[in-house]
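Structure data (PDB, C-alpha atoms and all ligand atoms) from protein33.pdb:
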```pdb
MODEL        1
ATOM      1  CA  MET A   1      -2.340  23.316   8.819
ATOM      2  CA  GLY A   2       0.128  25.497   6.901
ATOM      3  CA  ARG A   3       1.296  24.413   3.466
ATOM      4  CA  ASP A   4       4.765  22.976   3.191
ATOM      5  CA  ARG A   5       6.838  21.910   0.246
ATOM      6  CA  LEU A   6       5.697  18.316   0.154
ATOM      7  CA  ASP A   7       3.175  18.024  -2.666
ATOM      8  CA  ILE A   8       1.859  14.511  -3.144
ATOM      9  CA  ASP A   9      -1.099  15.181  -5.403
ATOM     10  CA  ARG A  10       1.042  14.731  -8.475
ATOM     11  CA  TYR A  11       1.726  11.122  -7.548
ATOM     12  CA  ARG A  12      -1.916  10.119  -7.871
ATOM     13  CA  VAL A  13      -2.834   8.177 -10.986
ATOM     14  CA  VAL A  14      -5.716  10.084 -12.560
ATOM     15  CA  PRO A  15      -8.596   7.635 -13.081
ATOM     16  CA  GLY A  16      -8.915   6.638 -16.700
ATOM     17  CA  SER A  17      -5.417   7.814 -17.647
ATOM     18  CA  LYS A  18      -2.726   5.693 -19.297
ATOM     19  CA  VAL A  19       0.359   4.847 -17.244
ATOM     20  CA  ASN A  20       3.892   4.652 -18.583
ATOM     21  CA  LEU A  21       6.125   3.905 -15.611
ATOM     22  CA  ALA A  22       9.237   4.994 -17.507
ATOM     23  CA  LYS A  23       7.881   8.518 -17.132
ATOM     24  CA  TRP A  24       7.547   8.330 -13.343
ATOM     25  CA  ASP A  25      10.904   9.119 -11.767
ATOM     26  CA  PRO A  26      11.701   6.671  -8.926
ATOM     27  CA  ASP A  27      14.460   9.005  -7.735
ATOM     28  CA  ASP A  28      12.245  12.076  -7.354
ATOM     29  CA  SER A  29      12.564  13.795  -3.990
ATOM     30  CA  GLY A  30      10.155  16.651  -4.588
ATOM     31  CA  GLY A  31      12.927  19.233  -4.229
ATOM     32  CA  LEU A  32      13.462  18.190  -0.618
ATOM     33  CA  ALA A  33      16.692  16.992   0.916
ATOM     34  CA  LYS A  34      17.343  14.204   3.371
ATOM     35  CA  GLY A  35      17.926  15.547   6.864
ATOM     36  CA  LYS A  36      16.359  17.743   9.493
ATOM     37  CA  GLU A  37      13.541  19.255   7.470
ATOM     38  CA  ALA A  38      12.469  15.897   6.084
ATOM     39  CA  ASP A  39      12.683  14.300   9.545
ATOM     40  CA  LYS A  40      10.446  17.019  10.920
ATOM     41  CA  LEU A  41       7.860  16.552   8.191
ATOM     42  CA  LEU A  42       7.730  12.823   8.809
ATOM     43  CA  ALA A  43       7.459  13.259  12.562
ATOM     44  CA  ARG A  44       4.579  15.668  12.107
ATOM     45  CA  ASP A  45       2.671  13.398   9.750
ATOM     46  CA  ILE A  46       3.172  10.457  12.088
ATOM     47  CA  GLU A  47       1.655  12.624  14.845
ATOM     48  CA  ARG A  48      -1.296  13.449  12.605
ATOM     49  CA  MET A  49      -1.783   9.749  11.847
ATOM     50  CA  PHE A  50      -1.731   8.943  15.544
ATOM     51  CA  ALA A  51      -4.301  11.584  16.475
ATOM     52  CA  ALA A  52      -6.674  10.624  13.678
ATOM     53  CA  GLN A  53      -6.298   6.902  14.317
ATOM     54  CA  GLU A  54      -7.348   7.349  17.940
ATOM     55  CA  LYS A  55     -10.554   8.959  16.756
ATOM     56  CA  LEU A  56     -11.148   6.360  14.083
ATOM     57  CA  TYR A  57     -10.857   3.660  16.720
ATOM     58  CA  ALA A  58     -13.104   5.535  19.135
ATOM     59  CA  GLU A  59     -15.650   6.031  16.383
ATOM     60  CA  GLY A  60     -15.603   2.348  15.458
ATOM     61  CA  ARG A  61     -17.780   2.723  12.392
ATOM     62  CA  ARG A  62     -15.310   3.044   9.542
ATOM     63  CA  ALA A  63     -11.856   1.774   8.627
ATOM     64  CA  LEU A  64      -8.893   2.511   6.401
ATOM     65  CA  LEU A  65      -7.224  -0.092   4.221
ATOM     66  CA  VAL A  66      -3.677   0.674   3.078
ATOM     67  CA  ILE A  67      -2.392  -1.478   0.228
ATOM     68  CA  LEU A  68       1.345  -1.720  -0.490
ATOM     69  CA  GLN A  69       2.676  -3.152  -3.716
ATOM     70  CA  ALA A  70       6.216  -3.084  -5.093
ATOM     71  CA  MET A  71       8.830  -5.052  -6.945
ATOM     72  CA  ASP A  72      11.064  -7.180  -4.694
ATOM     73  CA  THR A  73      13.183  -4.944  -2.409
ATOM     74  CA  GLY A  74      10.806  -2.076  -3.205
ATOM     75  CA  GLY A  75      10.444  -1.237   0.468
ATOM     76  CA  LYS A  76       7.077  -2.568   1.596
ATOM     77  CA  ASP A  77       8.469  -3.889   4.872
ATOM     78  CA  GLY A  78      10.562  -0.772   5.479
ATOM     79  CA  THR A  79       7.569   1.466   4.870
ATOM     80  CA  ILE A  80       5.473  -0.413   7.403
ATOM     81  CA  LYS A  81       8.299  -0.326   9.912
ATOM     82  CA  ASN A  82       8.997   3.398   9.529
ATOM     83  CA  VAL A  83       5.622   4.982   8.816
ATOM     84  CA  PHE A  84       3.430   3.165  11.317
ATOM     85  CA  THR A  85       5.725   3.802  14.271
ATOM     86  CA  GLY A  86       3.210   6.149  15.852
ATOM     87  CA  VAL A  87      -0.002   4.219  15.447
ATOM     88  CA  ASN A  88      -1.532   2.247  18.273
ATOM     89  CA  PRO A  89      -1.024  -1.466  17.507
ATOM     90  CA  THR A  90      -4.435  -2.210  19.015
ATOM     91  CA  GLY A  91      -6.142  -0.511  16.112
ATOM     92  CA  CYS A  92      -3.845  -1.793  13.425
ATOM     93  CA  ARG A  93      -3.694  -5.057  11.514
ATOM     94  CA  VAL A  94      -0.977  -6.050   9.036
ATOM     95  CA  THR A  95      -1.504  -8.908   6.590
ATOM     96  CA  SER A  96       1.288 -10.204   4.347
ATOM     97  CA  PHE A  97       0.088 -12.128   1.332
ATOM     98  CA  LYS A  98       2.376 -14.911   0.173
ATOM     99  CA  ALA A  99       1.966 -17.430  -2.612
ATOM    100  CA  PRO A 100      -1.515 -18.898  -2.009
ATOM    101  CA  SER A 101      -1.894 -22.109  -0.026
ATOM    102  CA  GLU A 102      -3.698 -25.115  -1.417
ATOM    103  CA  GLU A 103      -6.806 -24.076   0.448
ATOM    104  CA  GLU A 104      -6.609 -20.523  -0.846
ATOM    105  CA  LEU A 105      -6.119 -21.791  -4.383
ATOM    106  CA  ALA A 106      -9.278 -23.828  -4.036
ATOM    107  CA  HIS A 107     -11.203 -20.547  -3.647
ATOM    108  CA  ASP A 108     -11.726 -17.398  -5.648
ATOM    109  CA  PHE A 109      -8.734 -15.028  -5.436
ATOM    110  CA  LEU A 110     -10.682 -12.558  -3.305
ATOM    111  CA  TRP A 111     -11.533 -15.110  -0.649
ATOM    112  CA  ARG A 112      -8.366 -14.667   1.410
ATOM    113  CA  ILE A 113      -8.519 -10.915   0.841
ATOM    114  CA  GLN A 114     -12.064 -10.612   2.204
ATOM    115  CA  LYS A 115     -11.018 -12.372   5.389
ATOM    116  CA  ALA A 116      -8.253  -9.839   6.001
ATOM    117  CA  VAL A 117     -10.338  -6.703   5.496
ATOM    118  CA  PRO A 118      -9.957  -4.485   8.592
ATOM    119  CA  ARG A 119     -12.677  -4.286  11.214
ATOM    120  CA  TYR A 120     -14.439  -1.016  11.809
ATOM    121  CA  GLY A 121     -12.179   1.272  13.793
ATOM    122  CA  GLU A 122      -8.991  -0.275  12.447
ATOM    123  CA  ILE A 123      -6.289   0.590   9.978
ATOM    124  CA  GLY A 124      -5.571  -2.471   7.850
ATOM    125  CA  ILE A 125      -2.270  -2.788   6.039
ATOM    126  CA  PHE A 126      -1.848  -5.189   3.143
ATOM    127  CA  ASN A 127       1.734  -6.173   2.379
ATOM    128  CA  ARG A 128       0.961  -7.390  -1.162
ATOM    129  CA  SER A 129      -2.680  -7.922  -1.962
ATOM    130  CA  HIS A 130      -5.252  -9.032  -4.528
ATOM    131  CA  TYR A 131      -3.126  -7.132  -7.062
ATOM    132  CA  GLU A 132      -0.716 -10.071  -7.108
ATOM    133  CA  ASP A 133      -3.500 -11.827  -8.979
ATOM    134  CA  VAL A 134      -3.016  -9.492 -11.946
ATOM    135  CA  LEU A 135       0.781  -9.167 -11.496
ATOM    136  CA  VAL A 136       2.796 -12.289 -10.678
ATOM    137  CA  VAL A 137      -0.146 -14.375 -11.847
ATOM    138  CA  ARG A 138      -0.089 -12.595 -15.205
ATOM    139  CA  VAL A 139       3.676 -12.615 -15.677
ATOM    140  CA  ARG A 140       3.965 -16.249 -14.593
ATOM    141  CA  GLU A 141       0.883 -17.257 -16.575
ATOM    142  CA  LEU A 142      -0.621 -18.966 -13.549
ATOM    143  CA  VAL A 143      -4.151 -18.623 -14.948
ATOM    144  CA  PRO A 144      -5.344 -18.066 -18.536
ATOM    145  CA  GLU A 145      -5.385 -14.478 -19.814
ATOM    146  CA  PRO A 146      -9.179 -14.042 -19.909
ATOM    147  CA  VAL A 147      -9.254 -14.967 -16.226
ATOM    148  CA  TRP A 148      -6.738 -12.354 -15.037
ATOM    149  CA  ARG A 149      -8.118  -9.793 -17.470
ATOM    150  CA  GLY A 150     -11.536 -10.166 -15.905
ATOM    151  CA  ARG A 151     -10.061  -9.367 -12.530
ATOM    152  CA  TYR A 152      -9.492  -5.646 -13.092
ATOM    153  CA  GLU A 153     -13.214  -5.031 -13.186
ATOM    154  CA  ARG A 154     -13.842  -7.391 -10.292
ATOM    155  CA  ILE A 155     -11.187  -5.623  -8.221
ATOM    156  CA  ASN A 156     -12.773  -2.249  -8.955
ATOM    157  CA  ARG A 157     -16.187  -3.525  -7.896
ATOM    158  CA  PHE A 158     -14.750  -5.128  -4.772
ATOM    159  CA  GLU A 159     -13.000  -1.936  -3.741
ATOM    160  CA  LYS A 160     -16.130   0.111  -4.486
ATOM    161  CA  ASP A 161     -18.021  -2.195  -2.183
ATOM    162  CA  LEU A 162     -15.417  -1.679   0.542
ATOM    163  CA  VAL A 163     -15.697   2.085   0.244
ATOM    164  CA  ASP A 164     -19.513   1.902   0.255
ATOM    165  CA  SER A 165     -19.319  -0.121   3.452
ATOM    166  CA  GLY A 166     -17.201   2.529   5.188
ATOM    167  CA  ILE A 167     -13.733   1.177   4.453
ATOM    168  CA  GLN A 168     -11.598   3.755   2.672
ATOM    169  CA  VAL A 169      -8.856   2.398   0.437
ATOM    170  CA  LEU A 170      -5.395   3.850  -0.269
ATOM    171  CA  LYS A 171      -3.088   2.052  -2.673
ATOM    172  CA  PHE A 172       0.634   2.685  -2.914
ATOM    173  CA  PHE A 173       2.956   1.427  -5.602
ATOM    174  CA  LEU A 174       6.495   1.862  -4.279
ATOM    175  CA  HIS A 175       8.312   2.597  -7.506
ATOM    176  CA  ILE A 176      12.029   1.709  -7.579
ATOM    177  CA  SER A 177      14.439   1.620 -10.500
ATOM    178  CA  LYS A 178      16.078  -1.555 -11.733
ATOM    179  CA  ASP A 179      19.478  -0.179 -10.661
ATOM    180  CA  GLU A 180      18.213   0.471  -7.160
ATOM    181  CA  GLN A 181      16.896  -3.081  -6.956
ATOM    182  CA  LYS A 182      20.346  -4.341  -7.940
ATOM    183  CA  LYS A 183      21.940  -2.325  -5.125
ATOM    184  CA  ARG A 184      19.431  -3.566  -2.593
ATOM    185  CA  LEU A 185      19.789  -7.194  -3.615
ATOM    186  CA  GLU A 186      23.572  -6.843  -3.371
ATOM    187  CA  ALA A 187      23.198  -5.261   0.054
ATOM    188  CA  ARG A 188      21.100  -8.184   1.206
ATOM    189  CA  LEU A 189      23.707 -10.623  -0.020
ATOM    190  CA  ALA A 190      26.496  -8.750   1.732
ATOM    191  CA  ASP A 191      24.808  -8.419   5.113
ATOM    192  CA  LYS A 192      24.554 -11.462   7.363
ATOM    193  CA  ASN A 193      21.513  -9.961   9.056
ATOM    194  CA  LYS A 194      19.696  -9.333   5.798
ATOM    195  CA  LEU A 195      20.475 -12.645   4.182
ATOM    196  CA  TRP A 196      17.214 -14.163   5.389
ATOM    197  CA  LYS A 197      15.424 -11.782   3.066
ATOM    198  CA  PHE A 198      17.417 -12.861   0.066
ATOM    199  CA  ASN A 199      15.394 -15.181  -2.052
ATOM    200  CA  VAL A 200      17.126 -16.769  -5.027
ATOM    201  CA  GLY A 201      13.734 -16.895  -6.718
ATOM    202  CA  ASP A 202      13.662 -13.083  -6.768
ATOM    203  CA  LEU A 203      16.442 -13.179  -9.377
ATOM    204  CA  ALA A 204      14.141 -14.988 -11.798
ATOM    205  CA  GLU A 205      11.523 -12.275 -11.241
ATOM    206  CA  ARG A 206      14.178  -9.603 -11.790
ATOM    207  CA  LYS A 207      14.858 -11.092 -15.224
ATOM    208  CA  ARG A 208      11.239 -10.342 -16.033
ATOM    209  CA  TRP A 209      11.514  -6.736 -14.875
ATOM    210  CA  ASP A 210       9.989  -5.282 -18.059
ATOM    211  CA  GLU A 211       7.050  -7.672 -18.015
ATOM    212  CA  TYR A 212       6.351  -6.733 -14.410
ATOM    213  CA  GLN A 213       6.546  -3.016 -15.195
ATOM    214  CA  LYS A 214       4.022  -3.568 -17.965
ATOM    215  CA  ALA A 215       1.742  -5.563 -15.677
ATOM    216  CA  TYR A 216       2.003  -2.868 -12.988
ATOM    217  CA  ALA A 217       1.304  -0.113 -15.493
ATOM    218  CA  GLU A 218      -1.879  -1.791 -16.620
ATOM    219  CA  ALA A 219      -3.051  -2.551 -13.086
ATOM    220  CA  LEU A 220      -2.444   1.064 -12.064
ATOM    221  CA  ALA A 221      -4.253   2.394 -15.122
ATOM    222  CA  ARG A 222      -7.205   0.034 -14.940
ATOM    223  CA  CYS A 223      -7.694   0.152 -11.178
ATOM    224  CA  SER A 224      -7.021   3.757 -10.203
ATOM    225  CA  THR A 225     -10.554   4.874  -9.487
ATOM    226  CA  GLU A 226     -12.250   7.881  -7.918
ATOM    227  CA  TRP A 227     -13.008   5.736  -4.875
ATOM    228  CA  ALA A 228      -9.653   3.943  -4.585
ATOM    229  CA  PRO A 229      -6.829   5.828  -6.307
ATOM    230  CA  TRP A 230      -3.339   4.494  -6.887
ATOM    231  CA  ILE A 231      -0.410   6.567  -5.699
ATOM    232  CA  VAL A 232       2.937   6.013  -7.421
ATOM    233  CA  VAL A 233       5.529   6.641  -4.729
ATOM    234  CA  PRO A 234       9.071   7.530  -5.832
ATOM    235  CA  ALA A 235      10.875   4.911  -3.765
ATOM    236  CA  ASP A 236      14.573   4.932  -4.635
ATOM    237  CA  ARG A 237      15.094   7.206  -1.626
ATOM    238  CA  LYS A 238      13.674   5.516   1.409
ATOM    239  CA  TRP A 239      13.272   8.715   3.430
ATOM    240  CA  TYR A 240      11.211  10.364   0.669
ATOM    241  CA  ARG A 241       9.107   7.249   0.155
ATOM    242  CA  ASN A 242       8.250   7.318   3.858
ATOM    243  CA  LEU A 243       7.305  10.995   3.673
ATOM    244  CA  VAL A 244       4.941  10.517   0.750
ATOM    245  CA  VAL A 245       3.196   7.505   2.273
ATOM    246  CA  ALA A 246       2.846   9.094   5.711
ATOM    247  CA  ARG A 247       1.468  12.307   4.235
ATOM    248  CA  ALA A 248      -1.098  10.514   2.094
ATOM    249  CA  ILE A 249      -2.323   8.465   5.060
ATOM    250  CA  ALA A 250      -2.446  11.455   7.412
ATOM    251  CA  GLU A 251      -4.437  13.461   4.876
ATOM    252  CA  LYS A 252      -6.835  10.633   4.200
ATOM    253  CA  LEU A 253      -7.479   9.926   7.882
ATOM    254  CA  GLU A 254      -8.088  13.602   8.616
ATOM    255  CA  ALA A 255     -10.379  13.962   5.607
ATOM    256  CA  MET A 256     -12.493  11.124   7.008
ATOM    257  CA  LYS A 257     -13.126  13.324  10.074
ATOM    258  CA  PRO A 258     -13.583  10.418  12.469
ATOM    259  CA  THR A 259     -15.673  11.317  15.509
ATOM    260  CA  PRO A 260     -15.591   9.335  18.775
ATOM    261  CA  ARG A 261     -18.884   7.608  19.595
ATOM    262  CA  GLN A 262     -21.032   9.344  22.152
ATOM    263  CA  PRO A 263     -22.868   7.322  24.826
ATOM    264  CA  SER A 264     -26.490   6.612  23.968
ATOM    265  CA  GLU A 265     -27.673   7.597  27.429
ATOM    266  CA  ASP A 266     -27.037  10.665  29.545
ATOM    267  CA  LEU A 267     -24.101   9.933  31.844
ATOM    268  CA  SER A 268     -23.801  13.400  33.351
ATOM    269  CA  ALA A 269     -25.490  12.438  36.623
ATOM    270  CA  LEU A 270     -23.450   9.251  37.109
ATOM    271  CA  VAL A 271     -21.428   9.088  40.299
ATOM    272  CA  ILE A 272     -18.565   6.617  40.645
ATOM    273  CA  GLU A 273     -18.456   5.372  44.225
TER     274      GLU A 273
HETATM  275  P1  LIG B 301       7.593 -11.785   0.098
HETATM  276  O1  LIG B 301       6.687 -10.604  -0.028
HETATM  277  O2  LIG B 301       9.032 -11.449  -0.179
HETATM  278  O3  LIG B 301       7.417 -12.505   1.376
HETATM  279  O4  LIG B 301       7.208 -12.809  -1.067
HETATM  280  C1  LIG B 301       5.925 -13.301  -1.209
HETATM  281  C2  LIG B 301       5.832 -14.047  -2.502
HETATM  282  O5  LIG B 301       4.493 -14.490  -2.669
HETATM  283  C3  LIG B 301       6.169 -13.205  -3.726
HETATM  284  O6  LIG B 301       7.058 -13.892  -4.549
HETATM  285  C4  LIG B 301       4.812 -13.048  -4.413
HETATM  286  O7  LIG B 301       4.912 -12.926  -5.800
HETATM  287  C5  LIG B 301       4.116 -14.311  -4.001
HETATM  288  N1  LIG B 301       2.656 -14.164  -4.099
HETATM  289  C6  LIG B 301       1.860 -13.346  -3.387
HETATM  290  N2  LIG B 301       0.580 -13.449  -3.807
HETATM  291  C7  LIG B 301       0.572 -14.349  -4.803
HETATM  292  C8  LIG B 301      -0.445 -14.888  -5.629
HETATM  293  N3  LIG B 301      -1.713 -14.501  -5.518
HETATM  294  N4  LIG B 301      -0.099 -15.802  -6.546
HETATM  295  C9  LIG B 301       1.199 -16.199  -6.676
HETATM  296  N5  LIG B 301       2.206 -15.732  -5.919
HETATM  297  C10 LIG B 301       1.902 -14.815  -4.993
HETATM  298 MG    MG B 302      10.760 -11.054  -0.941
ENDMDL
END
```
If you took the structure in this file and wrote it as structure tokens, what would it be?
Amino acid sequence: MGRDRLDIDRYRVVPGSKVNLAKWDPDDSGGLAKGKEADKLLARDIERMFAAQEKLYAEGRRALLVILQAMDTGGKDGTIKNVFTGVNPTGCRVTSFKAPSEEELAHDFLWRIQKAVPRYGEIGIFNRSHYEDVLVVRVRELVPEPVWRGRYERINRFEKDLVDSGIQVLKFFLHISKDEQKKRLEARLADKNKLWKFNVGDLAERKRWDEYQKAYAEALARCSTEWAPWIVVPADRKWYRNLVVARAIAEKLEAMKPTPRQPSEDLSALVIE
């Protein structure tokens, strides 16, 4: 595969490093422009995802878990819609995590997460995740500080366990600016077909923008690990966001080198009548 101009390595949060989100440009486009070249890159990475997913499914022994986190309007839904267009739905499972139900609240925060972990052979997509339990839960003070603080370590252990059991983990923070969020909220308000997505409650969260950025920064710093790195995706430009996510997934799937299962017995002499 020849090198092109899309370089995503710089968006990885180096394990153990500090994160200051003000220094990560949400408007970055990696020197690329919207249009034909970008469309071609995306199409090629979607192809790569498709080919590797087929093998992952045919292998049936490992899985990939893709975690998407973002501020409201950050583009989680749009990313799923535009990046997974080529994958076979049979081998794909999307889970959207909402505010926990009464039953979920009566369990440990990882309980509902465990149940949604992909099966071997699948790509699992989390639209929000266990990270909400150190984000909204922190900002909204839904549990005492020592409880959410203890979760960083528990999350790291949980994700290590996933990786050890054959489930690779990729985590994307879709990073938008506060101005871009304003535009997107206004667009939702102005469009009859997008109104269903407008949630008045999101405005209260927007008021706490800085607290959320701080909570995200700490989650990214504490939980970017060798086994499950965080990728900070510049997300003000939707087309570039899609490129970065698709590339990271294609690379990860190919690096896993999935190999279709071979039959345990010799089938070469079989005749179908
Ligand atoms: P949406 O993604 O727009 O459908 O919104 C889902 C809502 O669920 C967001 O406001 C999240 O903050 C909220 N949510 C998700 N997980 C949790 C959690 N563990 N605790 C509290 N709220 C949550
Ligand atoms: Mg929402």
- Explicit residues for the PyMOL selection byres (((chain A and resi 18) around 10) and not hetatm) (as a list of chain:residue names):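 For this structure, the PyMOL selection byres (((chain A and resi 18) around 10) and not hetatm) resolves to A:Val13, A:Val14, A:Pro15, A:Gly16, A:Ser17, A:Val19, A:Asn20, A:Leu21, A:Ala217, A:Glu218, A:Leu220, A:Ala221, A:Arg222.
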- Dump the neighbourhood of ligand LIG 301 (chain B) as a list of chain:residue names: all residues within 6 Å, distances computed on only C-alpha atoms and all ligand atoms.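 I would give the residues around ligand LIG 301 (chain B) as A:Phe97, A:Lys98, A:Ala99, A:Pro100, A:Glu132, A:Asp133, A:Val136, A:Val137.
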- Item | Surrounding residues as an NGL selection string, ligand MG 302 (chain B), max 8 Å, all atoms listed in the file | :A and (72-73 or 197-199 or 202)
- Task: Show which residues sit within 12 Å of A:Leu42, as a PyMOL selection string. Count all atoms listed in the file, and ignore same-chain residues fewer than 5 positions away.
- Result: chain A and resi 4+6+34-37+47-49+82-86+238-250
- Of the residues A:Ile80, A:Met256, A:Ile46, A:Ala219, which is the one nearest to A:Leu68, using all atoms listed in the file? A:Ile80
- Query: If you measure from atom CA of A:Cys92 to atom CA of A:Phe173, what distance in Å do you get, rounded to one decimal?
  - Reply: 20.5 Å
- Message: What's the separation between atom CA of A:Gly91 and atom CA of A:Glu54, in Å to one decimal place?
- Response: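 Rounded to one decimal, the two atoms are 8.2 Å apart.
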- Message: Which residue is closest to A:Leu185? Choose from A:Gly150, A:Gly201, A:Gly60, A:Gly30 and count only C-alpha atoms.
- Response: A:Gly201
- Item | Nearest to A:Ala228 by atom-to-atom distance, counting all atoms listed in the file, from A:Glu186, A:Asp164, A:Asp7, A:Glu180 | A:Asp164
- Message: What does the structure give for the distance between atom CA of A:Leu203 and atom CA of A:Lys183, in Å to one decimal?
- Response: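 Computing the Euclidean distance for atom CA of A:Leu203 and atom CA of A:Lys183 yields 12.9 Å.
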- Taking into account all atoms listed in the file, which residue in the set A:Arg10, A:His107, A:Arg138, A:Arg3 is nearest to A:Lys214?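 Using all atoms listed in the file, the shortest distance to A:Lys214 belongs to A:Arg138.
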Per residue of stretch 160-233 of chain A within 9 Å of stretch 115-122 of chain A, note the shortest atom pair and the distance in Å to one decimal, counting all atoms listed in the file, and order the rows by chain and increasing residue number, as a tab-separated table.
```
residue	atom	partner	partner_atom	distance
A:Leu162	CA	A:Val117	CA	8.7
A:Gly166	CA	A:Tyr120	CA	8.0
A:Ile167	CA	A:Tyr120	CA	7.7
```
- Item | Proximity to A:Asp25 - best of A:Ser177, A:Gln69, A:Gln213, A:Thr79, only C-alpha atoms | A:Ser177
Residue contacts of A:Ile155 (9 Å, only C-alpha atoms) excluding same-chain residues fewer than 5 positions away, as a PDB file with C-alpha atoms, in the frame of the given file:
```
ATOM      1  CA  LEU A 110     -10.682 -12.558  -3.305  1.00  0.00           C
ATOM      2  CA  HIS A 130      -5.252  -9.032  -4.528  1.00  0.00           C
ATOM      3  CA  TYR A 131      -3.126  -7.132  -7.062  1.00  0.00           C
ATOM      4  CA  GLY A 150     -11.536 -10.166 -15.905  1.00  0.00           C
ATOM      5  CA  LYS A 160     -16.130   0.111  -4.486  1.00  0.00           C
ATOM      6  CA  CYS A 223      -7.694   0.152 -11.178  1.00  0.00           C
TER       7      CYS A 223
END
```
Written as a PDB file with C-alpha atoms, in the frame of the given file, what is the full residue list that the PyMOL selection byres (((chain A and resi 140) around 10) and not hetatm) yields on the file shown?
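Generated output (part_11.pdb):
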```pdb
ATOM      1  CA  LEU A 135       0.781  -9.167 -11.496  1.00  0.00           C
ATOM      2  CA  VAL A 136       2.796 -12.289 -10.678  1.00  0.00           C
ATOM      3  CA  VAL A 137      -0.146 -14.375 -11.847  1.00  0.00           C
ATOM      4  CA  ARG A 138      -0.089 -12.595 -15.205  1.00  0.00           C
ATOM      5  CA  VAL A 139       3.676 -12.615 -15.677  1.00  0.00           C
ATOM      6  CA  GLU A 141       0.883 -17.257 -16.575  1.00  0.00           C
ATOM      7  CA  LEU A 142      -0.621 -18.966 -13.549  1.00  0.00           C
ATOM      8  CA  VAL A 143      -4.151 -18.623 -14.948  1.00  0.00           C
ATOM      9  CA  GLU A 205      11.523 -12.275 -11.241  1.00  0.00           C
ATOM     10  CA  ARG A 208      11.239 -10.342 -16.033  1.00  0.00           C
ATOM     11  CA  GLU A 211       7.050  -7.672 -18.015  1.00  0.00           C
ATOM     12  CA  TYR A 212       6.351  -6.733 -14.410  1.00  0.00           C
TER      13      TYR A 212
END
```
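Minimum atom-to-atom distances from A:Ala52, A:Leu41, A:Val87, A:Ile125 to A:Ile67 were compared using all atoms listed in the file, and the lowest value belongs to A:Ile125.
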N, CA, C and O atoms restored at stretch 129-139 of chain A, emitted as a short mmCIF file (atom, residue, chain, number, x, y, z; two decimals), keeping the file's coordinate frame:
```cif
data_model
loop_
_atom_site.label_atom_id
_atom_site.label_comp_id
_atom_site.auth_asym_id
_atom_site.auth_seq_id
_atom_site.Cartn_x
_atom_site.Cartn_y
_atom_site.Cartn_z
N SER A 129 -1.22 -8.00 -2.02
CA SER A 129 -2.68 -7.92 -1.96
C SER A 129 -3.29 -8.71 -3.11
O SER A 129 -2.60 -9.48 -3.79
N HIS A 130 -4.57 -8.44 -3.37
CA HIS A 130 -5.25 -9.03 -4.53
C HIS A 130 -4.61 -8.60 -5.84
O HIS A 130 -4.87 -9.21 -6.88
N TYR A 131 -3.78 -7.55 -5.81
CA TYR A 131 -3.13 -7.13 -7.06
C TYR A 131 -2.12 -8.16 -7.56
O TYR A 131 -1.83 -8.22 -8.75
N GLU A 132 -1.60 -9.00 -6.65
CA GLU A 132 -0.72 -10.07 -7.11
C GLU A 132 -1.41 -10.94 -8.15
O GLU A 132 -0.77 -11.53 -9.01
N ASP A 133 -2.73 -10.96 -8.08
CA ASP A 133 -3.50 -11.83 -8.98
C ASP A 133 -3.66 -11.25 -10.38
O ASP A 133 -4.24 -11.90 -11.26
N VAL A 134 -3.15 -10.01 -10.58
CA VAL A 134 -3.02 -9.49 -11.95
C VAL A 134 -1.56 -9.11 -12.23
O VAL A 134 -1.27 -8.49 -13.24
N LEU A 135 -0.64 -9.49 -11.32
CA LEU A 135 0.78 -9.17 -11.50
C LEU A 135 1.59 -10.45 -11.68
O LEU A 135 1.77 -10.90 -12.81
N VAL A 136 2.01 -11.06 -10.55
CA VAL A 136 2.80 -12.29 -10.68
C VAL A 136 2.00 -13.35 -11.44
O VAL A 136 2.54 -14.10 -12.26
N VAL A 137 0.70 -13.37 -11.20
CA VAL A 137 -0.15 -14.38 -11.85
C VAL A 137 -0.18 -14.18 -13.37
O VAL A 137 -0.19 -15.13 -14.14
N ARG A 138 -0.13 -12.91 -13.78
CA ARG A 138 -0.09 -12.60 -15.20
C ARG A 138 1.29 -12.93 -15.80
O ARG A 138 1.40 -13.64 -16.79
N VAL A 139 2.33 -12.43 -15.14
CA VAL A 139 3.68 -12.62 -15.68
C VAL A 139 4.05 -14.10 -15.72
O VAL A 139 4.67 -14.58 -16.67
#
```
